[in-house]
Amino acid sequence: MRDIKDLTLEELRQVLQGWKQAGFHARQIFSWIYKKGIQDFSQMSDLPADLRRRLQENFFILDFRLARVFQSGDGTEKSLFALKDKSFIEAVIIPAEKRLTGCVSTQVGCRFNCRFCASGLGGFKRNLTTGEILGEVLYLKNNLGHKRLSHIVFMGVGEPLDNYNNLLKAIRIINSGYSFNIAARRITISTCGIIPGIKRLADEGLQIELSVSLHASDDKTRSALMLVNRKYPLKDLIAACSEYIKKTNRQITFEYVLIKNANSDLQSARNLSTILKDLNLSKVNLIPCNTVRELKVGPPDKPQVLLFRDYLLKSGVKVTLRKPRGQDIEAACGQLRLRYEKK
Ligand code: SF4
């Protein structure tokens with residue numbers, strides 16, 4: 001049995017043609033799955049009976065189950081899904097005034113092991129398939145009642161650009177008018193700085209949002225916080241980002257998690273404004289770190305956060321200060337999965 005969500009519309013059309021069925025049924029099947037949220041082929045009432053049977057014999061639509069849902073006092077909601085191989089993945093719903101964002105995972109675990117993130121703690125297990133990535137969106141939208149889902153960020157467990165092909169295929173399906181029809185500009189890829197992935201992405205011709213996690217403004221600090229910096233140091237990363245902006249004419253958002261006693265002093269703010277000064281079309285998102293007990297990290301105090309932000313603003317850097325969301329349900333990526341897998 002195969003996951004039907006691993007197939008693009010064209011691939012599904014080819015399967016149908018191999019079965020001597022009309023190609024236009026592919027659009028109907030997409031509509032049943034992604035628009036109407038039907039998870040049983042037998043309910044696809046406008047398909048011929050023999051096609052429904054054949055689909056049932058060869059494909060499944062969704063094969064993971066919801067293990068738990070956690071609600072935060074600030075409206076954030078985290079879902080823990082159990083996959084068929086007994087792995088766990090997390091997806092988070094983040095409500096805001098005019099949008100409802102689904103934060104989705106792309107891997108089970110992560111090989112990059114950033115110091116402030118729980119996702120890498122259990123090591124890397126495997127990439128999610130395209131169907132599993134779409135399954136998270138499908139589950140959030142239909143089974144958990146978030147029909148208004150307007151934005152998707154690939155910022156959950158795993159490094160999206162380390163699962164490039166499955167991710168891009170999922171994005172093209174999410175973006176398709178025959179499926180979720182979520183505009184590319186409402187889809188964000190968040191990367192820890194995988195340079196070859198950023199270069200590939202620049203040539204995809206997609207209007208998606210790119211966000212790059214910097215979290216430090218000098219190589220020594222960044223390498224201590226993020227192992228990826230040893231392979232792709234800051235100078236090369238910033239050059240790749242500059243190239244991306246030139247090619248796509250799209251803004252890049254740089255994520256900077258403020259961690260107490262690690263990267264939140266004024267010298268770090270000075271360095272940050274220097275490395276970003278020539279990058280037009282970029283902005284910085286400052287996020288006070290979620291407390292992760294296992295990693296002994298936490299946010300700096302409020303005056304230090306404001307000092308950091310104000311220095312950047314005075315230097316002409318575009319900055320937003322984000323509130324950490326869902327702290328009471330451990331919504332920083334990987335925290336929940338980690339705790340659940342330990343049980
Ligand atoms: S921050 Fe991202 S890249 Fe780093 S360990 Fe966590 S999931 Fe992996």
# chains A, B, ... in the order shown; residues from 1 in each chain; ligands from 1

$ residues_around --residues "A:Lys318" --least-positions-apart "4" --cutoff "12 Å" --atoms "only C-alpha atoms" --output "PyMOL selection string"
chain A and resi 251-254+272-273+276-277+279-286+309-314

$ write_last_selection --atoms "N, CA and C atoms" --output "mmCIF file, in the first residue's frame"
data_model
loop_
_atom_site.group_PDB
_atom_site.id
_atom_site.type_symbol
_atom_site.label_atom_id
_atom_site.label_comp_id
_atom_site.auth_asym_id
_atom_site.auth_seq_id
_atom_site.Cartn_x
_atom_site.Cartn_y
_atom_site.Cartn_z
ATOM 1 N N GLN A 251 12.626 39.139 0.180
ATOM 2 C CA GLN A 251 13.201 39.437 1.490
ATOM 3 C C GLN A 251 13.598 38.153 2.215
ATOM 4 N N ILE A 252 14.662 38.221 3.000
ATOM 5 C CA ILE A 252 14.984 37.103 3.909
ATOM 6 C C ILE A 252 14.777 37.592 5.335
ATOM 7 N N THR A 253 14.165 36.750 6.151
ATOM 8 C CA THR A 253 14.043 37.070 7.571
ATOM 9 C C THR A 253 15.123 36.293 8.325
ATOM 10 N N PHE A 254 15.894 37.001 9.122
ATOM 11 C CA PHE A 254 16.915 36.324 9.933
ATOM 12 C C PHE A 254 16.369 36.140 11.342
ATOM 13 N N LEU A 272 25.995 41.995 14.648
ATOM 14 C CA LEU A 272 24.840 41.634 13.816
ATOM 15 C C LEU A 272 24.512 42.769 12.845
ATOM 16 N N SER A 273 24.507 43.985 13.349
ATOM 17 C CA SER A 273 24.184 45.107 12.453
ATOM 18 C C SER A 273 25.264 45.239 11.380
ATOM 19 N N LEU A 276 24.772 42.508 8.595
ATOM 20 C CA LEU A 276 23.549 42.634 7.789
ATOM 21 C C LEU A 276 23.470 43.946 7.007
ATOM 22 N N LYS A 277 24.476 44.812 7.202
ATOM 23 C CA LYS A 277 24.316 46.181 6.666
ATOM 24 C C LYS A 277 24.182 46.220 5.134
ATOM 25 N N LEU A 279 22.881 43.811 3.285
ATOM 26 C CA LEU A 279 21.801 42.950 2.791
ATOM 27 C C LEU A 279 20.507 43.736 2.727
ATOM 28 N N ASN A 280 20.209 44.266 1.544
ATOM 29 C CA ASN A 280 18.910 44.929 1.402
ATOM 30 C C ASN A 280 17.836 43.862 1.529
ATOM 31 N N LEU A 281 16.624 44.265 1.703
ATOM 32 C CA LEU A 281 15.514 43.324 1.761
ATOM 33 C C LEU A 281 15.724 42.251 2.827
ATOM 34 N N SER A 282 16.157 42.652 3.979
ATOM 35 C CA SER A 282 16.230 41.643 5.040
ATOM 36 C C SER A 282 15.726 42.260 6.340
ATOM 37 N N LYS A 283 15.261 41.404 7.230
ATOM 38 C CA LYS A 283 14.865 41.894 8.546
ATOM 39 C C LYS A 283 15.219 40.848 9.596
ATOM 40 N N VAL A 284 15.231 41.287 10.839
ATOM 41 C CA VAL A 284 15.620 40.383 11.925
ATOM 42 C C VAL A 284 14.423 40.163 12.838
ATOM 43 N N ASN A 285 14.190 38.897 13.157
ATOM 44 C CA ASN A 285 13.187 38.528 14.150
ATOM 45 C C ASN A 285 13.910 38.163 15.431
ATOM 46 N N LEU A 286 13.723 38.939 16.473
ATOM 47 C CA LEU A 286 14.341 38.567 17.756
ATOM 48 C C LEU A 286 13.333 37.756 18.555
ATOM 49 N N ARG A 309 17.442 44.985 21.007
ATOM 50 C CA ARG A 309 16.553 45.419 19.922
ATOM 51 C C ARG A 309 16.811 46.879 19.547
ATOM 52 N N ASP A 310 16.923 47.739 20.583
ATOM 53 C CA ASP A 310 17.055 49.167 20.302
ATOM 54 C C ASP A 310 18.373 49.481 19.606
ATOM 55 N N TYR A 311 19.423 48.726 19.936
ATOM 56 C CA TYR A 311 20.701 48.959 19.252
ATOM 57 C C TYR A 311 20.529 48.699 17.750
ATOM 58 N N LEU A 312 19.864 47.584 17.427
ATOM 59 C CA LEU A 312 19.672 47.237 16.011
ATOM 60 C C LEU A 312 18.829 48.301 15.310
ATOM 61 N N LEU A 313 17.764 48.721 15.972
ATOM 62 C CA LEU A 313 16.887 49.737 15.370
ATOM 63 C C LEU A 313 17.669 51.017 15.076
ATOM 64 N N LYS A 314 18.495 51.437 16.054
ATOM 65 C CA LYS A 314 19.280 52.671 15.859
ATOM 66 C C LYS A 314 20.277 52.518 14.726
#

$ residues_around --residues "A:Leu140" --least-positions-apart "6" --cutoff "10 Å" --atoms "only C-alpha atoms" --output "list in words"
Lys78, Ser79, Ala91, Val92, Ile93, Gly102, Cys103, Val104, Leu134, His146, Lys147 and Leu149 of chain A

$ closest_atom_pairs --of "stretch 80-193 of chain A" --to "stretch 215-239 of chain A" --cutoff "7 Å" --atoms "only C-alpha atoms" --output "CSV"
residue,atom,partner,partner_atom,distance
A:Phe112,CA,A:Leu227,CA,6.1
A:Asn113,CA,A:Leu227,CA,6.7
A:Cys114,CA,A:Met226,CA,4.5
A:Arg115,CA,A:Leu225,CA,5.0
A:Gly193,CA,A:Leu237,CA,6.5

$ write_last_selection --atoms "C-alpha atoms" --output "mmCIF file, in the first residue's frame"
data_model
loop_
_atom_site.group_PDB
_atom_site.id
_atom_site.type_symbol
_atom_site.label_atom_id
_atom_site.label_comp_id
_atom_site.auth_asym_id
_atom_site.auth_seq_id
_atom_site.Cartn_x
_atom_site.Cartn_y
_atom_site.Cartn_z
ATOM 1 C CA PHE A 112 22.151 19.493 13.375
ATOM 2 C CA ASN A 113 21.888 19.476 17.125
ATOM 3 C CA CYS A 114 21.670 23.202 17.860
ATOM 4 C CA ARG A 115 22.427 23.848 21.496
ATOM 5 C CA GLY A 193 21.750 27.830 7.032
#

$ residues_near_ligand --ligand "ligand 1" --cutoff "10 Å" --atoms "only C-alpha atoms and all ligand atoms" --output "NGL selection string"
:A and (105-121 or 123-124 or 154-162 or 190-194 or 213 or 215 or 225-228 or 257 or 332-335)

$ write_last_selection --atoms "C-alpha atoms" --output "short mmCIF file (atom, residue, chain, number, x, y, z; two decimals), in the first residue's frame"
data_model
loop_
_atom_site.label_atom_id
_atom_site.label_comp_id
_atom_site.auth_asym_id
_atom_site.auth_seq_id
_atom_site.Cartn_x
_atom_site.Cartn_y
_atom_site.Cartn_z
CA SER A 105 7.84 19.17 10.93
CA THR A 106 9.93 17.80 8.07
CA GLN A 107 12.06 15.12 9.76
CA VAL A 108 11.93 12.77 12.72
CA GLY A 109 14.69 14.26 14.88
CA CYS A 110 17.41 16.45 13.45
CA ARG A 111 21.07 15.90 12.67
CA PHE A 112 22.15 19.49 13.37
CA ASN A 113 21.89 19.48 17.13
CA CYS A 114 21.67 23.20 17.86
CA ARG A 115 22.43 23.85 21.50
CA PHE A 116 19.14 25.58 22.32
CA CYS A 117 16.84 23.13 20.51
CA ALA A 118 15.38 19.88 21.78
CA SER A 119 14.86 18.41 18.31
CA GLY A 120 18.41 17.22 17.88
CA LEU A 121 18.71 15.70 21.33
CA GLY A 123 19.49 12.30 17.15
CA PHE A 124 18.28 12.07 13.59
CA PHE A 154 8.36 24.67 8.00
CA MET A 155 9.85 25.38 11.37
CA GLY A 156 8.88 22.29 13.36
CA VAL A 157 11.15 19.34 14.08
CA GLY A 158 13.95 18.82 11.54
CA GLU A 159 15.89 20.92 9.06
CA PRO A 160 13.63 21.44 6.00
CA LEU A 161 16.45 21.90 3.49
CA ASP A 162 18.00 18.62 4.66
CA SER A 190 13.06 28.14 7.96
CA THR A 191 16.64 26.88 7.67
CA CYS A 192 19.61 26.77 10.00
CA GLY A 193 21.75 27.83 7.03
CA ILE A 194 22.23 24.93 4.60
CA SER A 213 18.37 31.12 11.68
CA HIS A 215 21.30 33.13 16.42
CA LEU A 225 25.44 27.21 19.45
CA MET A 226 24.94 25.65 16.02
CA LEU A 227 27.13 22.83 14.72
CA VAL A 228 26.08 23.69 11.17
CA VAL A 257 16.94 33.56 19.43
CA ALA A 332 9.79 25.09 21.13
CA CYS A 333 10.49 22.53 18.44
CA GLY A 334 11.17 19.01 19.60
CA GLN A 335 10.47 19.55 23.29
#

$ residues_around --residues "stretch 44-47 of chain A" --least-positions-apart "2" --cutoff "9 Å" --atoms "only C-alpha atoms" --output "ChimeraX atom specification"
/A:25,28-29,32,38,40-42,49-52

$ closest_residue --among "A:Ser242, A:Gln56, A:Asn249, A:Thr76" --to "A:Glu209" --atoms "only C-alpha atoms"
A:Asn249

$ select_by_dssp --residues "stretch 97-342 of chain A" --states "helix (DSSP H, G or I)" --output "PyMOL selection string"
chain A and resi 130-143+160-175+184-186+195-202+219-225+228-231+234-248+266-276+293-295+302-314+327-329+335-342

$ select_by_dssp --residues "stretch 116-223 of chain A" --states "strand (DSSP E)" --output "PyMOL selection string"
chain A and resi 124-127+151-154+187-191+209-213

$ write_last_selection --atoms "C-alpha atoms" --output "PDB file, in the first residue's frame"
ATOM      1  CA  PHE A 124      18.276  12.068  13.590  1.00  0.00           C
ATOM      2  CA  LYS A 125      15.926   9.197  12.711  1.00  0.00           C
ATOM      3  CA  ARG A 126      14.668   9.808   9.192  1.00  0.00           C
ATOM      4  CA  ASN A 127      13.201  12.194   6.668  1.00  0.00           C
ATOM      5  CA  HIS A 151      -0.077  30.097   6.531  1.00  0.00           C
ATOM      6  CA  ILE A 152       2.401  27.232   6.746  1.00  0.00           C
ATOM      7  CA  VAL A 153       5.870  27.495   8.268  1.00  0.00           C
ATOM      8  CA  PHE A 154       8.361  24.665   8.003  1.00  0.00           C
ATOM      9  CA  ILE A 187       4.563  29.429   3.014  1.00  0.00           C
ATOM     10  CA  THR A 188       7.839  29.875   4.900  1.00  0.00           C
ATOM     11  CA  ILE A 189      10.896  27.653   4.928  1.00  0.00           C
ATOM     12  CA  SER A 190      13.064  28.144   7.962  1.00  0.00           C
ATOM     13  CA  THR A 191      16.635  26.875   7.666  1.00  0.00           C
ATOM     14  CA  GLU A 209       9.306  33.178   2.247  1.00  0.00           C
ATOM     15  CA  LEU A 210      12.785  32.203   3.428  1.00  0.00           C
ATOM     16  CA  SER A 211      13.884  32.547   6.981  1.00  0.00           C
ATOM     17  CA  VAL A 212      17.466  31.860   8.077  1.00  0.00           C
ATOM     18  CA  SER A 213      18.367  31.119  11.685  1.00  0.00           C
TER      19      SER A 213
END

$ atom_distance --atom1 "atom CA of A:Glu136" --atom2 "atom CA of A:Leu12"
20.4 Å

$ closest_residue --among "A:Gln21, A:Thr291, A:Asn261, A:Ser31" --to "A:Pro48" --atoms "only C-alpha atoms"
A:Gln21
